$ cat model05.tsv   # TSV, N, CA and C atoms
chain	number	residue	atom	x	y	z
A	1	MET	N	8.54	38.69	5.10
A	1	MET	CA	8.69	37.25	5.05
A	1	MET	C	8.86	36.84	3.59
A	2	GLN	N	9.76	35.93	3.35
A	2	GLN	CA	10.05	35.48	2.00
A	2	GLN	C	9.12	34.35	1.61
A	3	ALA	N	8.63	34.40	0.37
A	3	ALA	CA	7.74	33.36	-0.14
A	3	ALA	C	8.54	32.10	-0.42
A	4	SER	N	7.87	30.97	-0.37
A	4	SER	CA	8.54	29.71	-0.67
A	4	SER	C	8.86	29.64	-2.15
A	5	GLY	N	9.78	28.75	-2.51
A	5	GLY	CA	10.17	28.59	-3.90
A	5	GLY	C	9.02	28.23	-4.80
A	6	TRP	N	8.12	27.34	-4.32
A	6	TRP	CA	7.02	26.90	-5.17
A	6	TRP	C	6.08	28.06	-5.47
A	7	SER	N	5.91	29.00	-4.54
A	7	SER	CA	4.99	30.10	-4.79
A	7	SER	C	5.57	31.12	-5.76
A	8	ARG	N	6.87	31.07	-6.03
A	8	ARG	CA	7.50	31.98	-6.98
A	8	ARG	C	7.63	31.36	-8.37
A	9	SER	N	7.08	30.21	-8.57
A	9	SER	CA	7.19	29.52	-9.86
A	9	SER	C	6.52	30.33	-10.96
A	10	THR	N	7.13	30.29	-12.14
A	10	THR	CA	6.55	30.97	-13.30
A	10	THR	C	5.63	30.03	-14.07
A	11	ALA	N	5.58	28.77	-13.69
A	11	ALA	CA	4.72	27.81	-14.37
A	11	ALA	C	3.26	28.06	-13.99
A	12	ALA	N	2.39	27.92	-14.95
A	12	ALA	CA	0.96	28.10	-14.70
A	12	ALA	C	0.44	26.94	-13.85
A	13	PRO	N	-0.54	27.22	-12.96
A	13	PRO	CA	-1.12	26.13	-12.18
A	13	PRO	C	-1.74	25.09	-13.12
A	14	GLY	N	-1.72	23.88	-12.69
A	14	GLY	CA	-2.30	22.83	-13.52
A	14	GLY	C	-2.10	21.47	-12.92
A	15	GLU	N	-1.74	20.53	-13.75
A	15	GLU	CA	-1.62	19.13	-13.34
A	15	GLU	C	-0.59	18.95	-12.22
A	16	LEU	N	0.52	19.68	-12.28
A	16	LEU	CA	1.54	19.54	-11.24
A	16	LEU	C	1.01	19.96	-9.88
A	17	ASP	N	0.23	21.04	-9.86
A	17	ASP	CA	-0.37	21.48	-8.60
A	17	ASP	C	-1.32	20.41	-8.05
A	18	ASP	N	-2.11	19.84	-8.95
A	18	ASP	CA	-3.04	18.78	-8.54
A	18	ASP	C	-2.29	17.57	-7.99
A	19	ASP	N	-1.22	17.17	-8.68
A	19	ASP	CA	-0.43	16.02	-8.25
A	19	ASP	C	0.24	16.28	-6.90
A	20	LEU	N	0.76	17.51	-6.72
A	20	LEU	CA	1.38	17.87	-5.45
A	20	LEU	C	0.35	17.86	-4.33
A	21	HIS	N	-0.82	18.39	-4.60
A	21	HIS	CA	-1.88	18.41	-3.59
A	21	HIS	C	-2.28	16.98	-3.20
A	22	LEU	N	-2.44	16.10	-4.18
A	22	LEU	CA	-2.81	14.72	-3.88
A	22	LEU	C	-1.74	14.02	-3.03
A	23	LEU	N	-0.48	14.28	-3.35
A	23	LEU	CA	0.61	13.67	-2.59
A	23	LEU	C	0.63	14.23	-1.16
A	24	GLU	N	0.43	15.52	-1.02
A	24	GLU	CA	0.37	16.12	0.32
A	24	GLU	C	-0.77	15.52	1.14
A	25	GLN	N	-1.93	15.36	0.53
A	25	GLN	CA	-3.07	14.80	1.23
A	25	GLN	C	-2.81	13.36	1.66
A	26	GLU	N	-2.14	12.60	0.81
A	26	GLU	CA	-1.81	11.22	1.19
A	26	GLU	C	-0.82	11.19	2.35
A	27	LEU	N	0.15	12.10	2.34
A	27	LEU	CA	1.11	12.18	3.45
A	27	LEU	C	0.41	12.58	4.75
A	28	TYR	N	-0.55	13.50	4.66
A	28	TYR	CA	-1.33	13.86	5.85
A	28	TYR	C	-2.10	12.65	6.37
A	29	ASP	N	-2.65	11.86	5.45
A	29	ASP	CA	-3.39	10.67	5.84
A	29	ASP	C	-2.46	9.66	6.53
A	30	LEU	N	-1.27	9.47	5.99
A	30	LEU	CA	-0.31	8.55	6.63
A	30	LEU	C	0.06	9.05	8.02
A	31	ASP	N	0.23	10.36	8.16
A	31	ASP	CA	0.54	10.94	9.47
A	31	ASP	C	-0.62	10.71	10.45
A	32	ARG	N	-1.85	10.87	9.99
A	32	ARG	CA	-3.02	10.63	10.86
A	32	ARG	C	-3.06	9.17	11.29
A	33	ARG	N	-2.77	8.25	10.34
A	33	ARG	CA	-2.78	6.83	10.70
A	33	ARG	C	-1.69	6.51	11.72
A	34	LEU	N	-0.56	7.16	11.60
A	34	LEU	CA	0.55	6.92	12.52
A	34	LEU	C	0.32	7.57	13.88
A	35	SER	N	-0.05	8.84	13.89
A	35	SER	CA	-0.08	9.61	15.14
A	35	SER	C	-1.46	10.05	15.59
A	36	GLY	N	-2.46	9.88	14.77
A	36	GLY	CA	-3.80	10.31	15.14
A	36	GLY	C	-4.16	11.64	14.49
A	37	HIS	N	-5.40	12.02	14.64
A	37	HIS	CA	-5.92	13.25	14.05
A	37	HIS	C	-5.69	14.39	15.03
A	38	ARG	N	-4.74	15.27	14.73
A	38	ARG	CA	-4.32	16.32	15.65
A	38	ARG	C	-5.46	17.28	16.01
A	39	SER	N	-6.32	17.60	15.06
A	39	SER	CA	-7.42	18.51	15.35
A	39	SER	C	-8.41	17.88	16.33
A	40	LYS	N	-8.71	16.61	16.13
A	40	LYS	CA	-9.62	15.93	17.05
A	40	LYS	C	-8.99	15.80	18.43
A	41	GLN	N	-7.68	15.53	18.48
A	41	GLN	CA	-6.99	15.41	19.76
A	41	GLN	C	-7.04	16.73	20.53
A	42	ALA	N	-6.93	17.84	19.81
A	42	ALA	CA	-6.89	19.16	20.45
A	42	ALA	C	-8.17	19.47	21.20
A	43	VAL	N	-9.30	18.94	20.74
A	43	VAL	CA	-10.57	19.22	21.40
A	43	VAL	C	-11.12	18.01	22.16
A	44	GLY	N	-10.32	16.95	22.24
A	44	GLY	CA	-10.73	15.78	23.00
A	44	GLY	C	-11.78	14.92	22.31
A	45	GLU	N	-11.89	15.03	21.00
A	45	GLU	CA	-12.85	14.26	20.23
A	45	GLU	C	-12.38	12.82	20.09
A	46	PRO	N	-13.27	11.82	20.28
A	46	PRO	CA	-12.84	10.43	20.10
A	46	PRO	C	-12.48	10.15	18.65
A	47	GLU	N	-11.56	9.23	18.46
A	47	GLU	CA	-11.12	8.88	17.11
A	47	GLU	C	-10.67	7.43	17.06
A	48	VAL	N	-10.47	6.95	15.85
A	48	VAL	CA	-9.97	5.59	15.64
A	48	VAL	C	-8.55	5.51	16.18
A	49	ASP	N	-8.20	4.36	16.77
A	49	ASP	CA	-6.86	4.21	17.33
A	49	ASP	C	-5.78	4.36	16.27
A	50	SER	N	-4.78	5.18	16.58
A	50	SER	CA	-3.62	5.33	15.71
A	50	SER	C	-2.60	4.25	16.06
A	51	ILE	N	-1.61	4.11	15.22
A	51	ILE	CA	-0.53	3.15	15.49
A	51	ILE	C	0.17	3.54	16.79
A	52	ARG	N	0.46	4.83	16.93
A	52	ARG	CA	1.15	5.30	18.13
A	52	ARG	C	0.34	4.99	19.39
A	53	ARG	N	-0.97	5.19	19.33
A	53	ARG	CA	-1.82	4.93	20.50
A	53	ARG	C	-1.82	3.44	20.85
A	54	ARG	N	-1.86	2.59	19.84
A	54	ARG	CA	-1.84	1.14	20.10
A	54	ARG	C	-0.52	0.71	20.76
A	55	VAL	N	0.59	1.21	20.23
A	55	VAL	CA	1.90	0.86	20.79
A	55	VAL	C	2.01	1.40	22.22
A	56	SER	N	1.55	2.62	22.43
A	56	SER	CA	1.59	3.22	23.77
A	56	SER	C	0.75	2.40	24.75
A	57	ARG	N	-0.42	1.96	24.30
A	57	ARG	CA	-1.29	1.16	25.18
A	57	ARG	C	-0.61	-0.16	25.54
A	58	ALA	N	0.03	-0.80	24.57
A	58	ALA	CA	0.71	-2.07	24.84
A	58	ALA	C	1.89	-1.85	25.79
A	59	ALA	N	2.63	-0.76	25.59
A	59	ALA	CA	3.79	-0.49	26.45
A	59	ALA	C	3.35	-0.15	27.87
A	60	SER	N	2.35	0.72	28.01
A	60	SER	CA	1.93	1.11	29.36
A	60	SER	C	1.23	-0.04	30.08
A	61	GLY	N	0.57	-0.90	29.32
A	61	GLY	CA	-0.12	-2.04	29.93
A	61	GLY	C	0.82	-3.09	30.49
A	62	THR	N	2.06	-3.09	30.05
A	62	THR	CA	3.02	-4.08	30.53
A	62	THR	C	4.13	-3.47	31.39
A	63	SER	N	4.20	-2.15	31.47
A	63	SER	CA	5.33	-1.51	32.16
A	63	SER	C	5.37	-1.81	33.65
A	64	GLN	N	4.24	-1.98	34.28
A	64	GLN	CA	4.21	-2.25	35.72
A	64	GLN	C	3.77	-3.68	36.03
A	65	SER	N	3.71	-4.51	35.00
A	65	SER	CA	3.18	-5.85	35.16
A	65	SER	C	4.29	-6.85	35.46
A	66	THR	N	4.02	-7.74	36.40
A	66	THR	CA	4.93	-8.86	36.63
A	66	THR	C	4.41	-10.10	35.92
A	67	TYR	N	3.19	-10.01	35.40
A	67	TYR	CA	2.55	-11.12	34.70
A	67	TYR	C	3.00	-11.20	33.24
A	68	GLY	N	3.22	-10.04	32.64
A	68	GLY	CA	3.52	-10.01	31.21
A	68	GLY	C	2.33	-9.49	30.45
A	69	PRO	N	2.45	-9.41	29.15
A	69	PRO	CA	1.34	-8.85	28.37
A	69	PRO	C	0.15	-9.80	28.34
A	70	THR	N	-1.01	-9.21	28.43
A	70	THR	CA	-2.24	-9.99	28.32
A	70	THR	C	-2.45	-10.35	26.84
A	71	PRO	N	-3.28	-11.32	26.57
A	71	PRO	CA	-3.58	-11.63	25.16
A	71	PRO	C	-4.12	-10.41	24.41
A	72	ASN	N	-4.89	-9.57	25.10
A	72	ASN	CA	-5.43	-8.37	24.46
A	72	ASN	C	-4.31	-7.40	24.09
A	73	LEU	N	-3.32	-7.23	24.96
A	73	LEU	CA	-2.21	-6.34	24.66
A	73	LEU	C	-1.33	-6.90	23.54
A	74	VAL	N	-1.15	-8.21	23.53
A	74	VAL	CA	-0.39	-8.85	22.44
A	74	VAL	C	-1.09	-8.59	21.11
A	75	ARG	N	-2.41	-8.75	21.10
A	75	ARG	CA	-3.18	-8.51	19.87
A	75	ARG	C	-3.11	-7.04	19.46
A	76	THR	N	-3.17	-6.13	20.42
A	76	THR	CA	-3.05	-4.70	20.13
A	76	THR	C	-1.73	-4.40	19.44
A	77	LEU	N	-0.65	-4.99	19.93
A	77	LEU	CA	0.66	-4.77	19.33
A	77	LEU	C	0.75	-5.42	17.94
A	78	GLU	N	0.15	-6.58	17.77
A	78	GLU	CA	0.13	-7.23	16.45
A	78	GLU	C	-0.59	-6.36	15.42
A	79	ILE	N	-1.70	-5.75	15.82
A	79	ILE	CA	-2.44	-4.87	14.92
A	79	ILE	C	-1.57	-3.67	14.56
A	80	ALA	N	-0.91	-3.07	15.56
A	80	ALA	CA	-0.05	-1.92	15.30
A	80	ALA	C	1.09	-2.28	14.36
A	81	GLU	N	1.70	-3.45	14.55
A	81	GLU	CA	2.79	-3.88	13.68
A	81	GLU	C	2.33	-4.06	12.24
A	82	ALA	N	1.14	-4.64	12.06
A	82	ALA	CA	0.60	-4.83	10.71
A	82	ALA	C	0.29	-3.49	10.06
A	83	GLN	N	-0.30	-2.59	10.82
A	83	GLN	CA	-0.61	-1.26	10.29
A	83	GLN	C	0.67	-0.50	9.93
A	84	LEU	N	1.68	-0.61	10.77
A	84	LEU	CA	2.95	0.07	10.52
A	84	LEU	C	3.64	-0.49	9.28
A	85	ALA	N	3.59	-1.80	9.09
A	85	ALA	CA	4.21	-2.41	7.91
A	85	ALA	C	3.55	-1.89	6.64
A	86	GLU	N	2.23	-1.80	6.66
A	86	GLU	CA	1.51	-1.27	5.49
A	86	GLU	C	1.87	0.20	5.25
A	87	LEU	N	1.87	0.99	6.31
A	87	LEU	CA	2.20	2.40	6.20
A	87	LEU	C	3.64	2.59	5.72
A	88	ARG	N	4.57	1.82	6.26
A	88	ARG	CA	5.98	1.92	5.89
A	88	ARG	C	6.17	1.61	4.41
A	89	GLY	N	5.49	0.59	3.93
A	89	GLY	CA	5.59	0.24	2.52
A	89	GLY	C	5.12	1.37	1.62
A	90	ARG	N	4.00	1.97	1.96
A	90	ARG	CA	3.47	3.07	1.15
A	90	ARG	C	4.38	4.30	1.24
A	91	LEU	N	4.87	4.61	2.43
A	91	LEU	CA	5.75	5.77	2.60
A	91	LEU	C	7.05	5.58	1.82
A	92	ASN	N	7.62	4.38	1.86
A	92	ASN	CA	8.83	4.11	1.10
A	92	ASN	C	8.59	4.26	-0.40
A	93	GLU	N	7.44	3.83	-0.87
A	93	GLU	CA	7.10	3.99	-2.29
A	93	GLU	C	7.02	5.48	-2.66
A	94	ILE	N	6.42	6.26	-1.81
A	94	ILE	CA	6.32	7.71	-2.05
A	94	ILE	C	7.71	8.33	-2.08
A	95	LEU	N	8.54	7.99	-1.09
A	95	LEU	CA	9.85	8.62	-0.96
A	95	LEU	C	10.83	8.20	-2.05
A	96	THR	N	10.74	6.97	-2.50
A	96	THR	CA	11.72	6.48	-3.47
A	96	THR	C	11.27	6.61	-4.92
A	97	THR	N	9.96	6.72	-5.15
A	97	THR	CA	9.46	6.73	-6.52
A	97	THR	C	8.66	7.99	-6.85
A	98	GLU	N	7.58	8.19	-6.13
A	98	GLU	CA	6.64	9.25	-6.50
A	98	GLU	C	7.18	10.66	-6.25
A	99	LEU	N	7.79	10.89	-5.10
A	99	LEU	CA	8.31	12.23	-4.80
A	99	LEU	C	9.45	12.61	-5.74
A	100	PRO	N	10.45	11.74	-5.97
A	100	PRO	CA	11.49	12.11	-6.93
A	100	PRO	C	10.94	12.37	-8.34
A	101	ALA	N	9.94	11.61	-8.76
A	101	ALA	CA	9.35	11.82	-10.08
A	101	ALA	C	8.63	13.17	-10.13
A	102	LEU	N	7.92	13.51	-9.09
A	102	LEU	CA	7.24	14.81	-9.05
A	102	LEU	C	8.25	15.95	-9.02
A	103	GLU	N	9.30	15.80	-8.23
A	103	GLU	CA	10.35	16.83	-8.19
A	103	GLU	C	10.98	17.03	-9.57
A	104	ALA	N	11.24	15.95	-10.27
A	104	ALA	CA	11.82	16.06	-11.61
A	104	ALA	C	10.86	16.77	-12.55
A	105	ARG	N	9.58	16.47	-12.47
A	105	ARG	CA	8.59	17.15	-13.31
A	105	ARG	C	8.51	18.63	-12.97
A	106	LEU	N	8.64	18.99	-11.70
A	106	LEU	CA	8.63	20.40	-11.30
A	106	LEU	C	9.84	21.14	-11.87
A	107	VAL	N	10.99	20.52	-11.78
A	107	VAL	CA	12.20	21.13	-12.34
A	107	VAL	C	12.05	21.30	-13.84
A	108	ASP	N	11.56	20.27	-14.52
A	108	ASP	CA	11.35	20.34	-15.97
A	108	ASP	C	10.36	21.44	-16.35
A	109	ALA	N	9.42	21.74	-15.45
A	109	ALA	CA	8.41	22.77	-15.72
A	109	ALA	C	8.92	24.17	-15.40
A	110	GLY	N	10.14	24.25	-14.86
A	110	GLY	CA	10.70	25.57	-14.58
A	110	GLY	C	10.51	26.06	-13.16
A	111	ALA	N	10.17	25.16	-12.25
A	111	ALA	CA	10.02	25.58	-10.85
A	111	ALA	C	11.37	26.07	-10.33
A	112	PRO	N	11.38	27.09	-9.49
A	112	PRO	CA	12.64	27.63	-8.99
A	112	PRO	C	13.33	26.69	-8.01
A	113	TRP	N	14.61	26.93	-7.82
A	113	TRP	CA	15.40	26.13	-6.88
A	113	TRP	C	14.87	26.34	-5.47
A	114	THR	N	14.91	25.29	-4.67
A	114	THR	CA	14.54	25.38	-3.26
A	114	THR	C	15.65	24.74	-2.44
A	115	PRO	N	15.82	25.18	-1.19
A	115	PRO	CA	16.86	24.60	-0.33
A	115	PRO	C	16.70	23.09	-0.22
A	116	GLY	N	17.84	22.42	-0.18
A	116	GLY	CA	17.84	20.96	-0.07
A	116	GLY	C	17.98	20.26	-1.39
A	117	HIS	N	17.95	21.01	-2.48
A	117	HIS	CA	18.10	20.43	-3.81
A	117	HIS	C	19.41	20.90	-4.42
A	118	PRO	N	19.94	20.15	-5.37
A	118	PRO	CA	21.20	20.57	-6.01
A	118	PRO	C	21.05	21.96	-6.64
A	119	VAL	N	22.09	22.74	-6.52
A	119	VAL	CA	22.06	24.08	-7.10
A	119	VAL	C	22.14	23.94	-8.63
A	120	PRO	N	21.22	24.55	-9.34
A	120	PRO	CA	21.22	24.41	-10.79
A	120	PRO	C	22.39	25.16	-11.40
A	121	PRO	N	22.79	24.77	-12.61
A	121	PRO	CA	23.91	25.46	-13.28
A	121	PRO	C	23.51	26.89	-13.64
A	122	VAL	N	24.50	27.77	-13.66
A	122	VAL	CA	24.28	29.16	-14.04
A	122	VAL	C	24.11	29.20	-15.56
A	123	GLN	N	23.12	29.92	-16.02
A	123	GLN	CA	22.88	30.00	-17.46
A	123	GLN	C	23.21	31.36	-17.99

$ encode --input "model05.tsv" --output "structure tokens"
Amino acid sequence: MQASGWSRSTAAPGELDDDLHLLEQELYDLDRRLSGHRSKQAVGEPEVDSIRRRVSRAASGTSQSTYGPTPNLVRTLEIAEAQLAELRGRLNEILTTELPALEARLVDAGAPWTPGHPVPPVQ
């Protein structure tokens, strides 16, 4: 099995590794807020409602209804929309600002090329 590009880097571990780890942890947190805690779900452990669970509850609560959404379901969807707007804003900030800046710092530090990035010039 071939090692990933980051594991073949000649740069010494340090601040870049810490910054990458912090960014990964934040992305995991955003994923948990969106979809729930996968480990807890696997063993049936109760958890705080995720955005996906709230939307699913609102959709299933109205799918067979001729009455329409109850005030409780409307509020559930409003909470999910607010949470998603906050999550979307943070994710967009990561994707447009923080991740490109970290990638540039990795390249400047001599990290090897990885698929999905421009091929560096031959030296």

$ closest_residue --input "model05.tsv" --among "A:Leu34, A:Leu22, A:Leu106, A:Leu16" --to "A:Leu87" --atoms "only N, CA and C atoms"
A:Leu34

$ residues_around --input "model05.tsv" --residues "A:Ile79" --least-positions-apart "4" --cutoff "8 Å" --atoms "all atoms listed in the file" --output "list of chain:residue names"
A:Ile51, A:Arg54, A:Val55, A:Leu73, A:Val74, A:Arg75, A:Gln83, A:Leu84, A:Ala85

$ atom_distance --input "model05.tsv" --atom1 "atom C of A:Glu81" --atom2 "atom N of A:Leu102"
28.2 Å

$ atom_distance --input "model05.tsv" --atom1 "atom C of A:His117" --atom2 "atom N of A:Ser35"
29.3 Å

$ select_by_dssp --input "model05.tsv" --residues "stretch 8-107 of chain A" --states "helix (DSSP H, G or I)" --output "ChimeraX atom specification"
/A:8,15-35,38-42,51-63,71-107

$ atom_distance --input "model05.tsv" --atom1 "atom C of A:His37" --atom2 "atom C of A:Thr97"
26.9 Å

$ closest_residue --input "model05.tsv" --among "A:Glu98, A:Glu86, A:Asp108, A:Glu103" --to "A:Leu30" --atoms "only C-alpha atoms"
A:Glu86

$ axis_aligned_box --input "model05.tsv" --around "stretch 108-120 of chain A" --padding-each-side "4 Å" --output "JSON"
{"center_x": 15.4, "center_y": 23.9, "center_z": -8.2, "size_x": 22.0, "size_y": 15.5, "size_z": 24.3}

$ residues_around --input "model05.tsv" --residues "A:Gly14" --least-positions-apart "4" --cutoff "12 Å" --atoms "only C-alpha atoms" --output "list in words"
Asp18, Asp19, Leu20, His21, Leu106 and Ala109 of chain A

$ closest_residue --input "model05.tsv" --among "A:Arg32, A:Ala111, A:Leu27, A:Arg52" --to "A:Leu91" --atoms "only N, CA and C atoms"
A:Leu27

$ closest_residue --input "model05.tsv" --among "A:Ser50, A:Ser65, A:Leu99, A:Val122" --to "A:Gly36" --atoms "only N, CA and C atoms"
A:Ser50

$ build_atoms --input "model05.tsv" --residues "stretch 100-110 of chain A" --atoms "all heavy atoms" --output "PDB file, in the coordinates of the input"
ATOM      1  N   PRO A 100      10.450  11.740  -5.970  1.00  0.00           N
ATOM      2  CA  PRO A 100      11.490  12.110  -6.930  1.00  0.00           C
ATOM      3  C   PRO A 100      10.940  12.370  -8.340  1.00  0.00           C
ATOM      4  O   PRO A 100      11.397  13.288  -9.031  1.00  0.00           O
ATOM      5  CB  PRO A 100      12.441  10.907  -6.930  1.00  0.00           C
ATOM      6  CG  PRO A 100      12.231  10.257  -5.608  1.00  0.00           C
ATOM      7  CD  PRO A 100      10.782  10.474  -5.294  1.00  0.00           C
ATOM      8  N   ALA A 101       9.940  11.610  -8.760  1.00  0.00           N
ATOM      9  CA  ALA A 101       9.350  11.820 -10.080  1.00  0.00           C
ATOM     10  C   ALA A 101       8.630  13.170 -10.130  1.00  0.00           C
ATOM     11  O   ALA A 101       8.753  13.905 -11.132  1.00  0.00           O
ATOM     12  CB  ALA A 101       8.375  10.693 -10.418  1.00  0.00           C
ATOM     13  N   LEU A 102       7.920  13.510  -9.090  1.00  0.00           N
ATOM     14  CA  LEU A 102       7.240  14.810  -9.050  1.00  0.00           C
ATOM     15  C   LEU A 102       8.250  15.950  -9.020  1.00  0.00           C
ATOM     16  O   LEU A 102       8.073  16.958  -9.709  1.00  0.00           O
ATOM     17  CB  LEU A 102       6.295  14.885  -7.841  1.00  0.00           C
ATOM     18  CG  LEU A 102       5.497  16.177  -7.700  1.00  0.00           C
ATOM     19  CD1 LEU A 102       4.636  16.441  -8.936  1.00  0.00           C
ATOM     20  CD2 LEU A 102       4.645  16.142  -6.442  1.00  0.00           C
ATOM     21  N   GLU A 103       9.300  15.800  -8.230  1.00  0.00           N
ATOM     22  CA  GLU A 103      10.350  16.830  -8.190  1.00  0.00           C
ATOM     23  C   GLU A 103      10.980  17.030  -9.570  1.00  0.00           C
ATOM     24  O   GLU A 103      11.200  18.172  -9.991  1.00  0.00           O
ATOM     25  CB  GLU A 103      11.424  16.466  -7.174  1.00  0.00           C
ATOM     26  CG  GLU A 103      10.965  16.607  -5.743  1.00  0.00           C
ATOM     27  CD  GLU A 103      11.995  16.118  -4.740  1.00  0.00           C
ATOM     28  OE1 GLU A 103      12.899  15.325  -5.106  1.00  0.00           O
ATOM     29  OE2 GLU A 103      11.905  16.538  -3.577  1.00  0.00           O
ATOM     30  N   ALA A 104      11.240  15.950 -10.270  1.00  0.00           N
ATOM     31  CA  ALA A 104      11.820  16.060 -11.610  1.00  0.00           C
ATOM     32  C   ALA A 104      10.860  16.770 -12.550  1.00  0.00           C
ATOM     33  O   ALA A 104      11.278  17.615 -13.363  1.00  0.00           O
ATOM     34  CB  ALA A 104      12.167  14.672 -12.152  1.00  0.00           C
ATOM     35  N   ARG A 105       9.580  16.470 -12.470  1.00  0.00           N
ATOM     36  CA  ARG A 105       8.590  17.150 -13.310  1.00  0.00           C
ATOM     37  C   ARG A 105       8.510  18.630 -12.970  1.00  0.00           C
ATOM     38  O   ARG A 105       8.333  19.465 -13.878  1.00  0.00           O
ATOM     39  CB  ARG A 105       7.219  16.488 -13.129  1.00  0.00           C
ATOM     40  CG  ARG A 105       7.164  15.100 -13.757  1.00  0.00           C
ATOM     41  CD  ARG A 105       5.873  14.352 -13.471  1.00  0.00           C
ATOM     42  NE  ARG A 105       4.706  15.131 -13.814  1.00  0.00           N
ATOM     43  CZ  ARG A 105       3.552  15.046 -13.154  1.00  0.00           C
ATOM     44  NH1 ARG A 105       3.421  14.235 -12.122  1.00  0.00           N
ATOM     45  NH2 ARG A 105       2.522  15.772 -13.533  1.00  0.00           N
ATOM     46  N   LEU A 106       8.640  18.990 -11.700  1.00  0.00           N
ATOM     47  CA  LEU A 106       8.630  20.400 -11.300  1.00  0.00           C
ATOM     48  C   LEU A 106       9.840  21.140 -11.870  1.00  0.00           C
ATOM     49  O   LEU A 106       9.709  22.253 -12.381  1.00  0.00           O
ATOM     50  CB  LEU A 106       8.584  20.531  -9.779  1.00  0.00           C
ATOM     51  CG  LEU A 106       7.252  20.177  -9.135  1.00  0.00           C
ATOM     52  CD1 LEU A 106       7.410  19.977  -7.629  1.00  0.00           C
ATOM     53  CD2 LEU A 106       6.214  21.254  -9.430  1.00  0.00           C
ATOM     54  N   VAL A 107      10.990  20.520 -11.780  1.00  0.00           N
ATOM     55  CA  VAL A 107      12.200  21.130 -12.340  1.00  0.00           C
ATOM     56  C   VAL A 107      12.050  21.300 -13.840  1.00  0.00           C
ATOM     57  O   VAL A 107      12.355  22.367 -14.394  1.00  0.00           O
ATOM     58  CB  VAL A 107      13.451  20.293 -11.983  1.00  0.00           C
ATOM     59  CG1 VAL A 107      14.663  20.761 -12.771  1.00  0.00           C
ATOM     60  CG2 VAL A 107      13.728  20.370 -10.486  1.00  0.00           C
ATOM     61  N   ASP A 108      11.560  20.270 -14.520  1.00  0.00           N
ATOM     62  CA  ASP A 108      11.350  20.340 -15.970  1.00  0.00           C
ATOM     63  C   ASP A 108      10.360  21.440 -16.350  1.00  0.00           C
ATOM     64  O   ASP A 108      10.456  22.032 -17.427  1.00  0.00           O
ATOM     65  CB  ASP A 108      10.863  19.007 -16.527  1.00  0.00           C
ATOM     66  CG  ASP A 108      11.927  17.921 -16.482  1.00  0.00           C
ATOM     67  OD1 ASP A 108      13.118  18.253 -16.288  1.00  0.00           O
ATOM     68  OD2 ASP A 108      11.560  16.736 -16.618  1.00  0.00           O
ATOM     69  N   ALA A 109       9.420  21.740 -15.450  1.00  0.00           N
ATOM     70  CA  ALA A 109       8.410  22.770 -15.720  1.00  0.00           C
ATOM     71  C   ALA A 109       8.920  24.170 -15.400  1.00  0.00           C
ATOM     72  O   ALA A 109       8.203  25.141 -15.592  1.00  0.00           O
ATOM     73  CB  ALA A 109       7.146  22.466 -14.927  1.00  0.00           C
ATOM     74  N   GLY A 110      10.140  24.250 -14.860  1.00  0.00           N
ATOM     75  CA  GLY A 110      10.700  25.570 -14.580  1.00  0.00           C
ATOM     76  C   GLY A 110      10.510  26.060 -13.160  1.00  0.00           C
ATOM     77  O   GLY A 110      10.661  27.254 -12.896  1.00  0.00           O
TER      78      GLY A 110
END
